[in-house]
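Visitor: This structure is in structure tokens; I'll ask about it shortly.
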Amino acid sequence: MRKLLVVGMVLVMLLMVVSGCGDTSGNTAGDESADKVKLGIIQVAEHPALDAARQGFLDTLAENGYKEGENLIVDYGNAQGDKNVLKTIAKDLVAGGCDLILAIATDSAQAIAAETTEIPILITAVTDPVAAKLVQSNEKPGTNVTGTNDMNPIADQIALLKKLAPQAKNIGVVYNAGEVNSVVQVDVVKEAAADLGLNVVEATVANTSEVMQATQSLVGRVDSIYIPTDNTVASSIESVVKVAEENAIPVVAGEAGMVERGALATLGIDYERLGRQTAEMALRILKGEKPQDMPVESQKDMELLINMKAAELMKVTIPDDLKKQADRIIE
Amino acid sequence: MLYALAGTLEQGLLYALMALGVYLTFRVLNYADLTVDGSFTTGGAIAASIIFAGGSPWLATAAAVIGGLLAGLITGLLHTAFRITPLLSGILTMTALYSINLRILGRANVPLLRADTVISRFNSWLPLDNIYGASLLGLIIVLLAVSGLYIFLKTEIGLALQATGDNEQMIRAQGVNTNHMKLLGLALSNGLVAISGALVAQNQQFADAGMGIGMIVAGLASVIIGEALFGKRTLLQHIIAVVCGSIVYRAVLALVLRLGLAPTDFKLLTALIVVIALASPQVRTWLGLTKNSRKRGSFDA
């Protein structure tokens, strides 16, 4: 009786495995309904910049005739910061048979590029695709990966910092040394700072709970702070701003979302526009262009964004000419 | 320099509540409870969500405590009702809480910049603009927690709780329901951890899903450093030692940051410090420094 039960259970399990191996979405390879495009989106974490890029991308696709639910199927996976979950999402997207994949941020792009060399991958919000081994060169990717990078104009941003805090001598930088995009940026920060005669003091963190103490450790050693587009610090920018305001230290950020959340100013990437630019490239791929030959693009115009409330609390006077140049001022 | 001191004190005191929670389970109840990583974030998530939605910060912090109590209860029930081992029950709850916390937050990161928090309210009662505001509030709450815990552990139920951790079989033979004691201990412990999470979120002005990661290590390190440096001969001394251990732990972290060492290396340093603290009784025996060194004896970790 017991043996029968065991054999029966084994048979049931085998049956489940076999049926699970078959396609679950009703699409077998090559048998897609002719008009629907399947788009996979992989995103490492949620924060305003990455979300804005995704939204810009989807909006532009919709404006050009690819509307979700009509002729576009979107399979969106967000790893919420967990690298293992990211790998699973990547595998799922490839197994699910996508026509095109959008990877937002470096970690997402690396995860998906490791899973497929055939499905065209569009990246966005990746600081340095070459350093992340996603493409052979920005001009000619040579792989199934292309898209837009968000290499922010660090030299210009440091110059902006100098304009806002003319007497500053030491710049503090808080970042996660485990993010390749941040390490790349910090090297550029050091070069740019050296050109302007400024000294850089670093404080590294491994996760968001360390950011506050790391920023506190900079107090007394620096008279200005720069935050690169680091995903860890981006999630905890409020702590940096709080410490900076308590000590009247100006904080210049690498991107607009951080300024909206309290940093002083940036000259930067508008992630929503970047997402839109990426969608334009997606449309070209859907018409048949190959990612191998499409150069990686950067954002064409940077916007100057100033947060007046932060200026008041960080005890910074904004020169009038900067106020006039600003594309956006937050009160 | 003064600012660095204020920073260390406030971090040390706010995280001390979490260390007290860890002390309650690991030392008093002798229960390896790993729920801490999850319940710390739960406290932060509940408090932040309520404050972000415009609610009263006191309500938010109280709600956070309830969240922690529930989390502890779940771990306890997994162990007492389903006989899941202590370690595994904590891990299961912690894992489940990760998803639950994300749902509570509603988004990956809840900003509390310039929001109405208990710390901003407390600061508004103080006469001057004071960088020690958060430390003072932390000190008051820690003193309340320490005295509350001490008085509780001296009551009949508290003594039964301690006995459950010391020798479960004996106290069960005396008629104490050890399952209830474990539930109580776990609930209280995670309640403390959650209030710590709520205060930390309000102090650092944001809450996110990953804020609890690594808390158990910080808590254990604080407990052990405290015991090694300040002794544990009496109950009160032990409890106060845990609080001081938390402050010392944060001070060492601040020092490490100032020296420019990567905080990632700090984790190795933490492990070394804890190993030294744990190994010191044995080392002292080897060196013939304790009066028991001539006799054989077993040394508790």
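In the structure tokens, chains take letters A, B, ... by order of appearance, with residues numbered from 1 within each chain and ligands from 1 in the order shown.
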Write out as a VMD selection string which residues come within 10 Å of A:Asn64 when counting only C-alpha atoms, dropping same-chain ones fewer than 4 positions away.
Guide: chain A and resid 58 to 60 279 to 280 283
Visitor: Okay, now the selection with C-alpha atoms, as a tab-separated table (two decimals), in the first residue's frame?
Guide:
```tsv
chain	number	residue	atom	x	y	z
A	58	LEU	CA	7.36	53.15	-22.06
A	59	ASP	CA	5.74	56.53	-22.76
A	60	THR	CA	7.76	57.03	-25.94
A	279	ALA	CA	13.05	54.19	-26.64
A	280	GLU	CA	13.95	55.93	-29.91
A	283	LEU	CA	12.06	51.69	-32.28
```
Visitor: Write out as CSV the residues of chain B that have any atom within 8 Å of an atom of chain A, one row each with the nearest atom pair and its distance in Å to one decimal, counting only C-alpha atoms, sorted by chain and then rising number.
Guide:
```
residue,atom,partner,partner_atom,distance
B:Met1,CA,A:Gly220,CA,7.0
B:Tyr3,CA,A:Val219,CA,7.4
B:Ala4,CA,A:Gln216,CA,6.5
B:Gly7,CA,A:Gln216,CA,6.6
B:Thr8,CA,A:Gln213,CA,7.9
B:Arg107,CA,A:Glu46,CA,7.4
B:Ala108,CA,A:Glu46,CA,5.5
B:Asn109,CA,A:Ser235,CA,6.3
B:Pro111,CA,A:Glu238,CA,6.6
B:Leu112,CA,A:Glu238,CA,7.3
B:Leu113,CA,A:Glu238,CA,5.7
B:Ile131,CA,A:Glu246,CA,7.9
B:Gln204,CA,A:Ser239,CA,4.9
B:Gln205,CA,A:Glu238,CA,5.6
B:Phe206,CA,A:Glu238,CA,6.3
B:Asp208,CA,A:Ser235,CA,7.5
B:Gly210,CA,A:Thr208,CA,7.0
B:Met211,CA,A:Ser209,CA,5.2
B:Gly212,CA,A:Ser209,CA,7.6
B:Ala254,CA,A:Ser217,CA,6.2
B:Leu257,CA,A:Ser217,CA,6.1
B:Arg258,CA,A:Ser217,CA,5.8
B:Gly260,CA,A:Ala203,CA,7.0
B:Ala262,CA,A:Thr204,CA,6.0
B:Pro263,CA,A:Val205,CA,6.0
B:Thr264,CA,A:Ala206,CA,6.3
```
Visitor: Next, dump the selected residues to file, keeping only N, CA and C atoms, as a PDB file, in the first residue's frame.
Guide:
```pdb
ATOM      1  N   MET B   1      34.703  67.824  15.683  1.00  0.00           N
ATOM      2  CA  MET B   1      34.982  66.774  16.686  1.00  0.00           C
ATOM      3  C   MET B   1      33.765  66.526  17.569  1.00  0.00           C
ATOM      4  N   TYR B   3      30.828  67.264  16.782  1.00  0.00           N
ATOM      5  CA  TYR B   3      29.768  66.698  15.971  1.00  0.00           C
ATOM      6  C   TYR B   3      29.943  65.193  15.833  1.00  0.00           C
ATOM      7  N   ALA B   4      31.208  64.791  15.693  1.00  0.00           N
ATOM      8  CA  ALA B   4      31.480  63.351  15.571  1.00  0.00           C
ATOM      9  C   ALA B   4      31.029  62.640  16.836  1.00  0.00           C
ATOM     10  N   GLY B   7      27.321  62.388  16.886  1.00  0.00           N
ATOM     11  CA  GLY B   7      26.894  61.378  15.916  1.00  0.00           C
ATOM     12  C   GLY B   7      27.049  59.974  16.474  1.00  0.00           C
ATOM     13  N   THR B   8      28.218  59.720  17.058  1.00  0.00           N
ATOM     14  CA  THR B   8      28.470  58.383  17.612  1.00  0.00           C
ATOM     15  C   THR B   8      27.513  58.063  18.744  1.00  0.00           C
ATOM     16  N   ARG B 107       6.997  51.265  -1.412  1.00  0.00           N
ATOM     17  CA  ARG B 107       7.994  51.683  -2.396  1.00  0.00           C
ATOM     18  C   ARG B 107       9.337  51.316  -1.791  1.00  0.00           C
ATOM     19  N   ALA B 108      10.373  51.329  -2.596  1.00  0.00           N
ATOM     20  CA  ALA B 108      11.643  50.818  -2.084  1.00  0.00           C
ATOM     21  C   ALA B 108      12.220  51.720  -1.001  1.00  0.00           C
ATOM     22  N   ASN B 109      11.894  52.996  -1.050  1.00  0.00           N
ATOM     23  CA  ASN B 109      12.541  53.920  -0.138  1.00  0.00           C
ATOM     24  C   ASN B 109      11.537  54.995   0.256  1.00  0.00           C
ATOM     25  N   PRO B 111      11.170  58.516   1.986  1.00  0.00           N
ATOM     26  CA  PRO B 111      11.960  59.642   2.492  1.00  0.00           C
ATOM     27  C   PRO B 111      11.261  60.345   3.653  1.00  0.00           C
ATOM     28  N   LEU B 112      12.052  60.755   4.634  1.00  0.00           N
ATOM     29  CA  LEU B 112      11.476  61.454   5.782  1.00  0.00           C
ATOM     30  C   LEU B 112      12.193  62.774   6.012  1.00  0.00           C
ATOM     31  N   LEU B 113      12.759  63.326   4.936  1.00  0.00           N
ATOM     32  CA  LEU B 113      13.543  64.543   5.103  1.00  0.00           C
ATOM     33  C   LEU B 113      12.660  65.666   5.607  1.00  0.00           C
ATOM     34  N   ILE B 131      22.803  69.886  18.596  1.00  0.00           N
ATOM     35  CA  ILE B 131      23.154  68.672  17.864  1.00  0.00           C
ATOM     36  C   ILE B 131      23.001  67.444  18.747  1.00  0.00           C
ATOM     37  N   GLN B 204      17.731  58.975  10.566  1.00  0.00           N
ATOM     38  CA  GLN B 204      18.476  59.047   9.302  1.00  0.00           C
ATOM     39  C   GLN B 204      17.609  59.558   8.166  1.00  0.00           C
ATOM     40  N   GLN B 205      16.340  59.848   8.477  1.00  0.00           N
ATOM     41  CA  GLN B 205      15.452  60.531   7.553  1.00  0.00           C
ATOM     42  C   GLN B 205      15.048  59.710   6.334  1.00  0.00           C
ATOM     43  N   PHE B 206      15.148  58.376   6.435  1.00  0.00           N
ATOM     44  CA  PHE B 206      14.575  57.557   5.379  1.00  0.00           C
ATOM     45  C   PHE B 206      14.452  56.131   5.914  1.00  0.00           C
ATOM     46  N   ASP B 208      14.325  52.136   4.185  1.00  0.00           N
ATOM     47  CA  ASP B 208      14.294  51.351   2.957  1.00  0.00           C
ATOM     48  C   ASP B 208      14.363  49.871   3.303  1.00  0.00           C
ATOM     49  N   GLY B 210      16.334  47.546   2.856  1.00  0.00           N
ATOM     50  CA  GLY B 210      17.564  46.872   3.249  1.00  0.00           C
ATOM     51  C   GLY B 210      18.172  47.394   4.532  1.00  0.00           C
ATOM     52  N   MET B 211      17.442  48.254   5.271  1.00  0.00           N
ATOM     53  CA  MET B 211      18.104  48.903   6.393  1.00  0.00           C
ATOM     54  C   MET B 211      18.431  47.945   7.530  1.00  0.00           C
ATOM     55  N   GLY B 212      17.798  46.786   7.543  1.00  0.00           N
ATOM     56  CA  GLY B 212      18.071  45.861   8.635  1.00  0.00           C
ATOM     57  C   GLY B 212      19.184  44.872   8.358  1.00  0.00           C
ATOM     58  N   ALA B 254      33.079  54.698  13.652  1.00  0.00           N
ATOM     59  CA  ALA B 254      33.370  56.083  13.301  1.00  0.00           C
ATOM     60  C   ALA B 254      34.872  56.289  13.156  1.00  0.00           C
ATOM     61  N   LEU B 257      36.074  54.861   9.909  1.00  0.00           N
ATOM     62  CA  LEU B 257      35.764  55.731   8.779  1.00  0.00           C
ATOM     63  C   LEU B 257      36.722  56.908   8.717  1.00  0.00           C
ATOM     64  N   ARG B 258      37.026  57.481   9.881  1.00  0.00           N
ATOM     65  CA  ARG B 258      37.943  58.620   9.899  1.00  0.00           C
ATOM     66  C   ARG B 258      39.326  58.236   9.440  1.00  0.00           C
ATOM     67  N   GLY B 260      39.942  56.234   7.277  1.00  0.00           N
ATOM     68  CA  GLY B 260      39.939  56.001   5.842  1.00  0.00           C
ATOM     69  C   GLY B 260      39.885  54.531   5.461  1.00  0.00           C
ATOM     70  N   ALA B 262      38.127  51.064   4.615  1.00  0.00           N
ATOM     71  CA  ALA B 262      36.829  50.786   4.015  1.00  0.00           C
ATOM     72  C   ALA B 262      35.928  50.135   5.060  1.00  0.00           C
ATOM     73  N   PRO B 263      34.681  50.621   5.194  1.00  0.00           N
ATOM     74  CA  PRO B 263      33.781  49.977   6.151  1.00  0.00           C
ATOM     75  C   PRO B 263      33.569  48.510   5.836  1.00  0.00           C
ATOM     76  N   THR B 264      33.826  48.103   4.610  1.00  0.00           N
ATOM     77  CA  THR B 264      33.712  46.693   4.287  1.00  0.00           C
ATOM     78  C   THR B 264      34.773  45.907   5.035  1.00  0.00           C
TER      79      THR B 264
END
```
Visitor: Which of these, A:Val252, A:Ala62, A:Val135, A:Ile101, has the shortest distance to A:Glu118 once you count only C-alpha atoms?
Guide: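 That would be A:Ile101, the residue with the smallest distance to A:Glu118.
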Visitor: Would you mind listing what lies within 6 Å of B:Ser39 as an NGL selection string, with only C-alpha atoms counted and same-chain residues fewer than 3 positions away left out?
Guide: :B and (36 or 42 or 68 or 194)
Visitor: DSSP on the backbone: which residues in stretch 57-217 of chain A end up as alpha helix (DSSP H)? Give the answer as an NGL selection string.
Guide: :A and (57-63 or 83-95 or 106-113 or 154-164 or 180-195 or 211-217)
Visitor: Which one of A:Leu196, A:Asp75, A:Ile121, A:Pro228 sits closest to A:Val183 if you count only C-alpha atoms?
Guide: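 With only C-alpha atoms as the atom set, the closest residue is A:Pro228.
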Visitor: Neighbours of stretch 136-145 of chain B within 12 Å (only C-alpha atoms; same-chain residues fewer than 6 positions away dropped), as a ChimeraX atom specification?
Guide: /B:6-21,24,117-126,130,151-153,188-189,191-193,195-196,198-200,202-203,236,239-240,242-244,246-247
Visitor: Pick out the closest residue to A:Leu134 from this set: A:Ile158, A:Val188, A:Ala109, A:Ile249. Count only C-alpha atoms.
Guide: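 Ranking A:Ile158, A:Val188, A:Ala109, A:Ile249 by distance to A:Leu134, first place goes to A:Ala109.
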Visitor: With only C-alpha atoms as the counted atoms, please give the residues lying no more than 8 Å from A:Ile318, apart from itself and same-chain residues fewer than 5 positions off, as a list in words.
Guide: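 Contacts, in chain order: Leu164, Ala311 and Lys323 of chain A.
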Visitor: Write the residues of the selection above to a file with C-alpha atoms, as a tab-separated table (two decimals), in the first residue's frame.
Guide:
```tsv
chain	number	residue	atom	x	y	z
A	164	LEU	CA	28.59	77.44	-5.47
A	311	ALA	CA	20.57	76.41	-0.46
A	323	LYS	CA	19.84	81.35	-11.12
```
